[in-house]
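**Student:** Structure file structure-v8.cif, mmCIF, C-alpha atoms, is pasted below:
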```cif
data_data
#
loop_
_atom_site.group_PDB
_atom_site.id
_atom_site.type_symbol
_atom_site.label_atom_id
_atom_site.label_comp_id
_atom_site.auth_asym_id
_atom_site.auth_seq_id
_atom_site.Cartn_x
_atom_site.Cartn_y
_atom_site.Cartn_z
ATOM 1 C CA MET A 1 0.000 0.000 0.000
ATOM 2 C CA SER A 2 1.348 3.404 -0.978
ATOM 3 C CA GLN A 3 1.777 6.275 1.443
ATOM 4 C CA LEU A 4 -1.042 8.102 -0.316
ATOM 5 C CA ALA A 5 -3.404 5.168 0.276
ATOM 6 C CA ARG A 6 -2.462 5.085 3.957
ATOM 7 C CA PHE A 7 -3.122 8.815 4.184
ATOM 8 C CA ALA A 8 -6.535 8.324 2.558
ATOM 9 C CA TRP A 9 -7.482 5.645 5.094
ATOM 10 C CA ALA A 10 -6.276 7.920 7.892
ATOM 11 C CA ALA A 11 -8.478 10.718 6.512
ATOM 12 C CA LEU A 12 -11.464 8.373 6.597
ATOM 13 C CA TYR A 13 -10.780 7.283 10.184
ATOM 14 C CA TRP A 14 -10.340 10.885 11.303
ATOM 15 C CA ASN A 15 -13.657 11.909 9.784
ATOM 16 C CA VAL A 16 -15.422 8.986 11.450
ATOM 17 C CA ALA A 17 -14.021 10.240 14.761
ATOM 18 C CA VAL A 18 -15.264 13.761 13.996
ATOM 19 C CA VAL A 19 -18.733 12.380 13.238
ATOM 20 C CA LEU A 20 -18.773 10.507 16.547
ATOM 21 C CA TRP A 21 -17.694 13.632 18.417
ATOM 22 C CA GLY A 22 -20.464 15.562 16.671
ATOM 23 C CA ALA A 23 -22.934 12.989 17.985
ATOM 24 C CA TYR A 24 -21.501 13.504 21.472
ATOM 25 C CA VAL A 25 -22.064 17.254 21.047
ATOM 26 C CA ARG A 26 -25.717 16.616 20.230
ATOM 27 C CA ALA A 27 -26.251 13.938 22.906
ATOM 28 C CA THR A 28 -24.859 16.167 25.657
ATOM 29 C CA GLY A 29 -26.777 19.228 24.521
ATOM 30 C CA SER A 30 -23.559 21.108 23.780
ATOM 31 C CA GLY A 31 -24.571 22.351 20.341
ATOM 32 C CA ALA A 32 -25.307 25.815 21.747
ATOM 33 C CA GLY A 33 -22.060 25.877 23.722
ATOM 34 C CA CYS A 34 -20.604 28.603 21.519
ATOM 35 C CA GLY A 35 -23.786 30.638 21.318
ATOM 36 C CA ASN A 36 -24.897 31.856 17.898
ATOM 37 C CA ARG A 37 -21.397 32.699 16.688
ATOM 38 C CA TRP A 38 -19.675 30.762 13.918
ATOM 39 C CA PRO A 39 -16.887 29.912 13.305
ATOM 40 C CA LEU A 40 -15.729 31.758 16.419
ATOM 41 C CA CYS A 41 -17.005 30.866 19.854
ATOM 42 C CA ASP A 42 -19.029 33.035 22.212
ATOM 43 C CA GLY A 43 -17.541 31.979 25.542
ATOM 44 C CA ASP A 44 -14.329 30.976 27.266
ATOM 45 C CA VAL A 45 -12.756 27.709 26.157
ATOM 46 C CA VAL A 46 -9.761 27.773 28.494
ATOM 47 C CA GLY A 47 -9.238 28.662 32.112
ATOM 48 C CA ALA A 48 -11.352 28.263 35.233
ATOM 49 C CA SER A 49 -14.287 30.144 33.701
ATOM 50 C CA ALA A 50 -14.555 27.790 30.725
ATOM 51 C CA ASN A 51 -17.919 26.083 30.342
ATOM 52 C CA GLY A 52 -17.984 22.353 29.665
ATOM 53 C CA GLN A 53 -20.477 22.599 26.813
ATOM 54 C CA THR A 54 -18.471 25.407 25.236
ATOM 55 C CA ILE A 55 -15.328 23.268 25.306
ATOM 56 C CA VAL A 56 -17.161 20.308 23.758
ATOM 57 C CA GLU A 57 -18.626 22.391 20.917
ATOM 58 C CA PHE A 58 -15.422 24.320 20.229
ATOM 59 C CA THR A 59 -13.422 21.080 20.153
ATOM 60 C CA HIS A 60 -15.804 19.789 17.501
ATOM 61 C CA ARG A 61 -15.202 22.897 15.416
ATOM 62 C CA ILE A 62 -11.431 22.504 15.722
ATOM 63 C CA THR A 63 -11.560 18.855 14.655
ATOM 64 C CA SER A 64 -13.742 19.870 11.694
ATOM 65 C CA VAL A 65 -11.135 22.418 10.601
ATOM 66 C CA VAL A 66 -8.474 19.714 10.815
ATOM 67 C CA SER A 67 -10.689 17.534 8.605
ATOM 68 C CA LEU A 68 -10.811 20.276 5.985
ATOM 69 C CA LEU A 69 -7.026 20.518 6.003
ATOM 70 C CA ILE A 70 -6.579 16.746 5.772
ATOM 71 C CA VAL A 71 -9.032 16.287 2.893
ATOM 72 C CA THR A 72 -7.587 19.290 1.067
ATOM 73 C CA GLY A 73 -4.159 17.682 1.379
ATOM 74 C CA LEU A 74 -5.616 14.411 0.080
ATOM 75 C CA VAL A 75 -7.007 16.146 -3.007
ATOM 76 C CA VAL A 76 -3.707 17.891 -3.793
ATOM 77 C CA TRP A 77 -1.707 14.701 -3.279
ATOM 78 C CA CYS A 78 -4.098 12.677 -5.462
ATOM 79 C CA TRP A 79 -3.879 15.116 -8.340
ATOM 80 C CA ARG A 80 -0.094 15.178 -8.137
ATOM 81 C CA VAL A 81 0.508 11.427 -8.298
ATOM 82 C CA THR A 82 -2.453 10.020 -10.255
ATOM 83 C CA LYS A 83 -3.259 10.413 -13.906
ATOM 84 C CA LYS A 84 -6.322 11.596 -15.784
ATOM 85 C CA GLY A 85 -9.075 8.995 -15.645
ATOM 86 C CA ASP A 86 -8.208 7.670 -12.184
ATOM 87 C CA TRP A 87 -11.456 7.614 -10.248
ATOM 88 C CA ALA A 88 -9.650 8.173 -6.954
ATOM 89 C CA ARG A 89 -8.763 11.779 -7.815
ATOM 90 C CA TYR A 90 -12.372 12.621 -8.640
ATOM 91 C CA SER A 91 -13.793 10.905 -5.563
ATOM 92 C CA ALA A 92 -11.292 12.867 -3.468
ATOM 93 C CA VAL A 93 -12.522 16.126 -5.002
ATOM 94 C CA LEU A 94 -16.124 15.106 -4.345
ATOM 95 C CA ALA A 95 -15.194 14.332 -0.736
ATOM 96 C CA ALA A 96 -13.765 17.841 -0.383
ATOM 97 C CA VAL A 97 -16.963 19.364 -1.798
ATOM 98 C CA LEU A 98 -19.112 17.300 0.570
ATOM 99 C CA LEU A 99 -16.920 18.255 3.519
ATOM 100 C CA ALA A 100 -17.289 21.939 2.667
ATOM 101 C CA ASN A 101 -21.041 21.442 2.454
ATOM 102 C CA GLU A 102 -20.880 19.655 5.808
ATOM 103 C CA ALA A 103 -19.317 22.747 7.345
ATOM 104 C CA LEU A 104 -21.959 25.004 5.793
ATOM 105 C CA LEU A 105 -24.796 22.840 7.100
ATOM 106 C CA GLY A 106 -23.218 22.835 10.549
ATOM 107 C CA ALA A 107 -22.901 26.609 10.405
ATOM 108 C CA ALA A 108 -26.553 26.913 9.366
ATOM 109 C CA LEU A 109 -27.634 24.882 12.384
ATOM 110 C CA VAL A 110 -25.797 27.307 14.661
ATOM 111 C CA LEU A 111 -26.640 30.586 12.940
ATOM 112 C CA LEU A 112 -30.323 29.676 12.572
ATOM 113 C CA LYS A 113 -30.398 28.678 16.249
ATOM 114 C CA HIS A 114 -31.280 25.053 15.486
ATOM 115 C CA VAL A 115 -29.336 23.858 18.514
ATOM 116 C CA GLY A 116 -29.938 23.338 22.219
ATOM 117 C CA ASN A 117 -33.605 22.583 22.945
ATOM 118 C CA ASP A 118 -34.907 23.693 19.546
ATOM 119 C CA GLN A 119 -37.205 21.079 17.995
ATOM 120 C CA SER A 120 -38.546 23.022 15.053
ATOM 121 C CA ALA A 121 -39.210 21.602 11.597
ATOM 122 C CA GLY A 122 -36.214 23.602 10.380
ATOM 123 C CA ARG A 123 -33.892 21.779 12.743
ATOM 124 C CA ILE A 124 -35.239 18.390 11.692
ATOM 125 C CA LEU A 125 -34.779 19.311 8.027
ATOM 126 C CA PHE A 126 -31.212 20.530 8.472
ATOM 127 C CA LEU A 127 -30.406 17.529 10.654
ATOM 128 C CA CYS A 128 -31.562 15.172 7.894
ATOM 129 C CA LEU A 129 -29.546 17.065 5.289
ATOM 130 C CA HIS A 130 -26.530 17.132 7.587
ATOM 131 C CA PHE A 131 -26.522 13.404 8.292
ATOM 132 C CA GLY A 132 -27.257 12.483 4.678
ATOM 133 C CA ASN A 133 -24.288 14.609 3.632
ATOM 134 C CA THR A 134 -22.178 12.892 6.287
ATOM 135 C CA LEU A 135 -22.948 9.459 4.851
ATOM 136 C CA LEU A 136 -22.049 10.614 1.344
ATOM 137 C CA LEU A 137 -18.802 12.089 2.683
ATOM 138 C CA LEU A 138 -17.815 8.814 4.354
ATOM 139 C CA ALA A 139 -18.733 6.947 1.171
ATOM 140 C CA THR A 140 -16.491 9.067 -1.056
ATOM 141 C CA LEU A 141 -13.599 8.927 1.412
ATOM 142 C CA SER A 142 -13.857 5.144 1.744
ATOM 143 C CA LEU A 143 -13.968 4.677 -2.035
ATOM 144 C CA THR A 144 -10.989 6.995 -2.470
ATOM 145 C CA ALA A 145 -8.966 5.005 0.052
ATOM 146 C CA ALA A 146 -10.005 1.665 -1.461
ATOM 147 C CA TRP A 147 -9.219 2.715 -5.029
ATOM 148 C CA LEU A 148 -5.842 4.146 -4.035
ATOM 149 C CA SER A 149 -5.056 0.804 -2.389
ATOM 150 C CA ASN A 150 -5.667 -1.100 -5.641
ATOM 151 C CA SER A 151 -4.037 -1.062 -9.032
ATOM 152 C CA SER A 152 -7.360 -0.704 -10.882
ATOM 153 C CA ARG A 153 -8.631 2.859 -10.692
ATOM 154 C CA SER A 154 -10.850 3.192 -13.761
ATOM 155 C CA PHE A 155 -14.143 1.308 -13.937
ATOM 156 C CA THR A 156 -17.301 0.660 -15.910
ATOM 157 C CA LEU A 157 -20.749 -0.226 -14.607
ATOM 158 C CA ILE A 158 -21.750 -3.888 -14.950
ATOM 159 C CA SER A 159 -24.250 -4.717 -17.672
ATOM 160 C CA LYS A 160 -26.637 -6.466 -15.231
ATOM 161 C CA TRP A 161 -28.852 -3.465 -14.576
ATOM 162 C CA ARG A 162 -31.244 -5.343 -12.292
ATOM 163 C CA ALA A 163 -28.438 -6.368 -9.966
ATOM 164 C CA ALA A 164 -27.003 -2.856 -10.000
ATOM 165 C CA SER A 165 -30.436 -1.360 -9.310
ATOM 166 C CA SER A 166 -31.090 -3.673 -6.364
ATOM 167 C CA ILE A 167 -27.742 -2.714 -4.834
ATOM 168 C CA ALA A 168 -28.454 0.990 -5.357
ATOM 169 C CA VAL A 169 -31.819 0.587 -3.631
ATOM 170 C CA GLY A 170 -30.053 -1.106 -0.720
ATOM 171 C CA LEU A 171 -27.719 1.864 -0.343
ATOM 172 C CA LEU A 172 -30.626 4.303 -0.510
ATOM 173 C CA VAL A 173 -32.668 2.398 2.087
ATOM 174 C CA THR A 174 -29.644 2.252 4.377
ATOM 175 C CA MET A 175 -29.104 5.989 4.026
ATOM 176 C CA VAL A 176 -32.747 6.716 4.869
ATOM 177 C CA THR A 177 -32.444 4.423 7.883
ATOM 178 C CA GLY A 178 -29.432 6.381 9.089
ATOM 179 C CA ILE A 179 -31.234 9.689 8.630
ATOM 180 C CA THR A 180 -34.262 8.500 10.599
ATOM 181 C CA GLY A 181 -31.824 7.299 13.258
ATOM 182 C CA ALA A 182 -30.433 10.808 13.574
ATOM 183 C CA VAL A 183 -33.971 12.140 14.088
ATOM 184 C CA ALA A 184 -34.670 9.446 16.695
ATOM 185 C CA ALA A 185 -31.435 10.316 18.528
ATOM 186 C CA LEU A 186 -32.453 13.976 18.636
ATOM 187 C CA ALA A 187 -35.833 12.984 20.071
ATOM 188 C CA ASP A 188 -34.116 10.900 22.757
ATOM 189 C CA THR A 189 -31.912 13.860 23.654
ATOM 190 C CA LEU A 190 -34.662 16.479 23.849
ATOM 191 C CA HIS A 191 -37.276 14.226 25.448
ATOM 192 C CA PRO A 192 -35.493 11.752 27.732
ATOM 193 C CA ALA A 193 -37.758 9.065 29.172
ATOM 194 C CA THR A 194 -37.679 7.924 32.789
ATOM 195 C CA SER A 195 -38.724 4.350 32.040
ATOM 196 C CA LEU A 196 -39.353 2.016 29.116
ATOM 197 C CA PRO A 197 -43.178 2.078 29.531
ATOM 198 C CA SER A 198 -43.203 5.884 29.553
ATOM 199 C CA SER A 199 -40.960 5.920 26.480
ATOM 200 C CA LEU A 200 -43.364 3.650 24.584
ATOM 201 C CA ALA A 201 -46.311 5.753 25.768
ATOM 202 C CA GLN A 202 -44.601 8.848 24.349
ATOM 203 C CA ASP A 203 -44.268 7.221 20.945
ATOM 204 C CA PHE A 204 -47.964 6.418 20.601
ATOM 205 C CA SER A 205 -49.569 9.348 22.395
ATOM 206 C CA SER A 206 -51.295 11.945 20.211
ATOM 207 C CA ARG A 207 -50.312 14.636 22.709
ATOM 208 C CA THR A 208 -46.569 14.185 22.348
ATOM 209 C CA PRO A 209 -44.467 16.423 20.061
ATOM 210 C CA VAL A 210 -44.151 15.447 16.404
ATOM 211 C CA LEU A 211 -40.443 14.751 16.909
ATOM 212 C CA LEU A 212 -41.240 11.884 19.276
ATOM 213 C CA ARG A 213 -43.754 10.338 16.900
ATOM 214 C CA LEU A 214 -41.167 10.528 14.104
ATOM 215 C CA ARG A 215 -38.931 8.352 16.273
ATOM 216 C CA LEU A 216 -40.988 5.319 15.250
ATOM 217 C CA LEU A 217 -39.773 5.662 11.673
ATOM 218 C CA HIS A 218 -36.297 4.476 12.610
ATOM 219 C CA PRO A 219 -37.072 0.936 13.835
ATOM 220 C CA ALA A 220 -39.479 0.505 10.923
ATOM 221 C CA MET A 221 -36.843 1.554 8.373
ATOM 222 C CA ALA A 222 -34.164 -0.475 10.160
ATOM 223 C CA THR A 223 -36.302 -3.615 9.861
ATOM 224 C CA ILE A 224 -36.881 -3.012 6.145
ATOM 225 C CA ALA A 225 -33.212 -2.213 5.485
ATOM 226 C CA THR A 226 -31.938 -5.257 7.393
ATOM 227 C CA GLY A 227 -34.250 -7.641 5.571
ATOM 228 C CA TYR A 228 -33.479 -6.110 2.183
ATOM 229 C CA ILE A 229 -29.696 -6.128 2.644
ATOM 230 C CA LEU A 230 -29.739 -9.742 3.854
ATOM 231 C CA TRP A 231 -31.756 -10.642 0.735
ATOM 232 C CA VAL A 232 -29.280 -8.882 -1.572
ATOM 233 C CA ILE A 233 -26.344 -10.590 0.170
ATOM 234 C CA TRP A 234 -28.017 -13.991 -0.132
ATOM 235 C CA ARG A 235 -28.840 -13.483 -3.813
ATOM 236 C CA SER A 236 -25.401 -12.214 -4.817
ATOM 237 C CA SER A 237 -23.689 -14.957 -2.787
ATOM 238 C CA SER A 238 -25.900 -17.623 -4.368
ATOM 239 C CA GLU A 239 -24.871 -16.459 -7.834
ATOM 240 C CA ARG A 240 -21.224 -16.829 -6.827
ATOM 241 C CA ASN A 241 -21.854 -20.097 -4.925
ATOM 242 C CA ARG A 242 -20.041 -18.714 -1.890
ATOM 243 C CA PHE A 243 -20.219 -16.126 0.849
ATOM 244 C CA SER A 244 -17.314 -13.709 0.572
ATOM 245 C CA ARG A 245 -15.551 -12.204 3.567
ATOM 246 C CA SER A 246 -17.229 -8.871 2.933
ATOM 247 C CA ALA A 247 -20.650 -10.553 2.880
ATOM 248 C CA ILE A 248 -19.964 -12.324 6.166
ATOM 249 C CA ALA A 249 -18.680 -9.073 7.693
ATOM 250 C CA LEU A 250 -21.847 -7.260 6.596
ATOM 251 C CA ILE A 251 -24.063 -9.936 8.138
ATOM 252 C CA ILE A 252 -22.174 -9.735 11.425
ATOM 253 C CA LEU A 253 -22.336 -5.937 11.476
ATOM 254 C CA LEU A 254 -26.062 -6.012 10.740
ATOM 255 C CA PHE A 255 -26.843 -8.255 13.701
ATOM 256 C CA VAL A 256 -24.468 -6.339 15.986
ATOM 257 C CA GLN A 257 -26.195 -3.096 14.987
ATOM 258 C CA VAL A 258 -29.639 -4.550 15.658
ATOM 259 C CA GLY A 259 -28.445 -5.760 19.055
ATOM 260 C CA ILE A 260 -27.043 -2.363 20.007
ATOM 261 C CA GLY A 261 -30.238 -0.686 18.818
ATOM 262 C CA MET A 262 -32.371 -2.918 21.017
ATOM 263 C CA THR A 263 -30.039 -2.302 23.943
ATOM 264 C CA ASN A 264 -30.433 1.442 23.436
ATOM 265 C CA VAL A 265 -34.206 1.089 23.597
ATOM 266 C CA LEU A 266 -34.095 -0.986 26.780
ATOM 267 C CA LEU A 267 -31.583 1.335 28.493
ATOM 268 C CA LEU A 268 -33.358 4.518 27.311
ATOM 269 C CA ALA A 269 -30.610 5.617 24.908
ATOM 270 C CA PRO A 270 -27.615 6.425 27.140
ATOM 271 C CA VAL A 271 -24.937 8.634 25.571
ATOM 272 C CA TRP A 272 -22.424 5.786 25.302
ATOM 273 C CA GLY A 273 -25.085 3.616 23.642
ATOM 274 C CA GLN A 274 -25.861 6.292 21.071
ATOM 275 C CA ILE A 275 -22.168 6.689 20.239
ATOM 276 C CA ALA A 276 -21.691 2.911 19.936
ATOM 277 C CA HIS A 277 -24.792 2.665 17.723
ATOM 278 C CA LEU A 278 -23.474 5.405 15.439
ATOM 279 C CA PHE A 279 -19.986 3.873 15.290
ATOM 280 C CA VAL A 280 -21.308 0.511 14.124
ATOM 281 C CA ALA A 281 -23.651 2.329 11.716
ATOM 282 C CA ASP A 282 -20.662 4.113 10.163
ATOM 283 C CA ALA A 283 -18.707 0.851 9.923
ATOM 284 C CA LEU A 284 -21.716 -0.877 8.367
ATOM 285 C CA TRP A 285 -22.237 1.946 5.872
ATOM 286 C CA ILE A 286 -18.576 2.002 4.817
ATOM 287 C CA SER A 287 -18.489 -1.789 4.432
ATOM 288 C CA LEU A 288 -21.717 -1.720 2.427
ATOM 289 C CA VAL A 289 -20.425 1.011 0.111
ATOM 290 C CA LEU A 290 -17.166 -0.843 -0.568
ATOM 291 C CA ALA A 291 -18.917 -4.184 -1.088
ATOM 292 C CA SER A 292 -21.461 -2.557 -3.416
ATOM 293 C CA ALA A 293 -18.700 -0.932 -5.472
ATOM 294 C CA ASP A 294 -17.026 -4.330 -5.893
ATOM 295 C CA LEU A 295 -20.285 -5.812 -7.156
ATOM 296 C CA VAL A 296 -21.382 -3.114 -9.619
ATOM 297 C CA LEU A 297 -18.037 -1.856 -10.970
ATOM 298 C CA GLU A 298 -15.661 -3.660 -13.315
ATOM 299 C CA ALA A 299 -12.074 -2.612 -13.915
ATOM 300 C CA ALA A 300 -11.842 -0.912 -17.304
ATOM 301 C CA LYS A 301 -8.065 -0.786 -17.459
ATOM 302 C CA GLU A 302 -5.048 -0.866 -15.201
ATOM 303 C CA GLY A 303 -4.335 2.393 -13.391
ATOM 304 C CA ARG A 304 -0.904 3.742 -12.633
ATOM 305 C CA THR A 305 0.506 2.773 -9.255
ATOM 306 C CA THR A 306 1.707 5.542 -6.965
#
```
What would you get if you wrote out this structure as structure tokens?
**Tutor:**
Amino acid sequence: MSQLARFAWAALYWNVAVVLWGAYVRATGSGAGCGNRWPLCDGDVVGASANGQTIVEFTHRITSVVSLLIVTGLVVWCWRVTKKGDWARYSAVLAAVLLANEALLGAALVLLKHVGNDQSAGRILFLCLHFGNTLLLLATLSLTAAWLSNSSRSFTLISKWRAASSIAVGLLVTMVTGITGAVAALADTLHPATSLPSSLAQDFSSRTPVLLRLRLLHPAMATIATGYILWVIWRSSSERNRFSRSAIALIILLFVQVGIGMTNVLLLAPVWGQIAHLFVADALWISLVLASADLVLEAAKEGRTT
């Protein structure tokens, strides 16, 4: 593996860590820690007068700036050592665009005051856009790292359009599941339950806020996505007469994710449970993207090694 490929994997891991820290910001209610100022912070971040929520939020902004620098470096390095037609250089550029959009969406959440205890429709909309953008960012970074690790860097789409379409639907359903999970996590943060019965009563009561009733979408979508992905894995593995390592890894991650999700429900979504759930979700998404790319893309020609 070249140094550039190692750097690309490091960029992916760093951004996963930033995403997890962003979830910690939301779960601890620290999103308003810097007030309505962006990118600066309205409050002390050092010294005895520093507020804990301010430190948490400002740390997230610093790590996001580091992400911008890392991905910018990845783009420059890719364009210097790869040739025209290498998909890795274009996926790196797309990752940089998505990361910039990520920063803008984060800024909009702060400047429009969609932080803290706000549960407006605007916050839900921007949250969905933010998390959807995050998944696309992780997808482009993971593909960039994978393509830089291989000799083949130019591809064509397979001619089996039905197989390609079914895989694309699987990715879309998984993305929607992740987005509904972000909404459910926000509901858990803003409306913590004192017991499992009261939590279930909140979900089905007509008097509860809309945000809580939207929480039911996540387990429903998760059930659909799990069943669909398992079906796609079974069908593609049957055609090959074997289960690949990536297929087995996906199956394991799916059941681990379901287990963590159920644990979160039973324990009323503790912060550590939410972070663990998101971490496995990111790992599952990255694995699914890479496995899908292997299934729907064929090497067109040999790329130049770096």
**Student:** Could you jot down the CA of Thr263 (chain A) to CA of Trp21 (chain A) separation for me, Å, one decimal place?
**Tutor:**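 Calculated distance between CA of Thr263 (chain A) and CA of Trp21 (chain A) is 20.9 Å.
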**Student:** Return as number ranges by chain the set of residues that the PyMOL selection byres ((chain A and resi 115) around 9) yields on the displayed structure.
**Tutor:** A: 26, 29-32, 109-110, 112-114, 116-119, 123
**Student:** Ranking A:Val25, A:Leu143, A:Val265, A:Val289 by minimum distance to Ala247 (chain A) and counting all atoms listed in the file, which one comes first?
**Tutor:** A:Val289
**Student:** Around region 153-157 of chain A, fit a box with edges along x, y and z, padding it by 5 Å on each side, then list its centre and edge lengths in Å to one decimal as AutoDock Vina command-line options.
**Tutor:**
```
--center_x -14.7 --center_y 1.5 --center_z -13.3 --size_x 22.1 --size_y 13.4 --size_z 15.2
```
**Student:** Please compute the CA of Val258 (chain A)-CA of Ala145 (chain A) distance, one decimal, in Å.
**Tutor:** 27.6 Å
**Student:** For the provided coordinates, the residues matched by the PyMOL selection byres ((chain A and resi 155) around 7) should be stated as a list in words.
**Tutor:**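 On the file shown, the PyMOL selection byres ((chain A and resi 155) around 7) covers Arg153, Ser154, Thr156, Leu157, Leu297, Glu298, Ala299 and Ala300 of chain A.
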**Student:** Could you check the closest approach to Val280 (chain A) for each of A:Ala100, A:Ala293, A:Leu135, A:Val256 and tell me which residue wins, using all atoms listed in the file?
**Tutor:**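 Between A:Ala100, A:Ala293, A:Leu135, A:Val256, the residue approaching Val280 (chain A) most closely is A:Val256.
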**Student:** Interatomic distance between CA of Ala8 (chain A) and CA of Leu74 (chain A)?
**Tutor:**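 Spanning CA of Ala8 (chain A) to CA of Leu74 (chain A) is a straight-line distance of 6.6 Å.
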**Student:** For the provided coordinates, the residues matched by the PyMOL selection byres ((chain A and resi 61) around 12) should be stated as a PyMOL selection string.
**Tutor:** chain A and resi 18-19+21-22+25+30-31+33-34+37-41+54-60+62-68+102-104+106-107+110
**Student:** If we count all atoms listed in the file, what is near region 79-94 of chain A at a cut-off of 12 Å, once residues fewer than 5 positions away on the same chain are taken out, given as a PyMOL selection string?
**Tutor:** chain A and resi 2-5+7-9+11-12+68+70-74+99-101+133+136-156+297+299-306
**Student:** Go through A:Ala269, A:Ile124, A:Ala193, A:Ala249 one by one, measure the shortest atom-to-atom distance of each to Leu290 (chain A) using only C-alpha atoms, and give the residue with the smallest value.
**Tutor:**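 Of A:Ala269, A:Ile124, A:Ala193, A:Ala249, the one nearest Leu290 (chain A), counting only C-alpha atoms, is A:Ala249.
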**Student:** Pick out the closest residue to Val16 (chain A) from this set: A:Ala201, A:Thr134, A:Leu190, A:Leu254. Count all atoms listed in the file.
**Tutor:**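 Answer, going by the shortest atom-to-atom distance: A:Thr134.
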**Student:** For Met221 (chain A), which residue among A:Pro209, A:Gly122, A:Thr180, A:Ser237 is the nearest when counting all atoms listed in the file?
**Tutor:**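 Ranking A:Pro209, A:Gly122, A:Thr180, A:Ser237 by distance to Met221 (chain A), first place goes to A:Thr180.
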**Student:** Closest to Ala283 (chain A) among A:Val232, A:Ile252, A:Leu267, A:Val183, using all atoms listed in the file?
**Tutor:** A:Ile252
**Student:** For region 194-200 of chain A, work out the shell of residues within 9 Å, counting all atoms listed in the file and skipping chain neighbours fewer than 3 positions away, then give it as a PyMOL selection string.
**Tutor:** chain A and resi 203-205+265-268
**Student:** (-30.4, 8.8, 19.3) in this file's frame - what residues fall within 10 Å of it? Use all atoms listed in the file and give the answer as a list in words.
**Tutor:**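 Counting all atoms listed in the file, I find these residues within 10 Å of (-30.4, 8.8, 19.3): Ala23, Arg26, Ala27, Thr180, Gly181, Ala182, Val183, Ala184, Ala185, Leu186, Ala187, Asp188, Thr189, Leu190, Arg215, His218, Gly261, Asn264, Val265, Leu268, Ala269, Pro270, Val271, Gly273, Gln274, Ile275, His277 and Leu278 of chain A.
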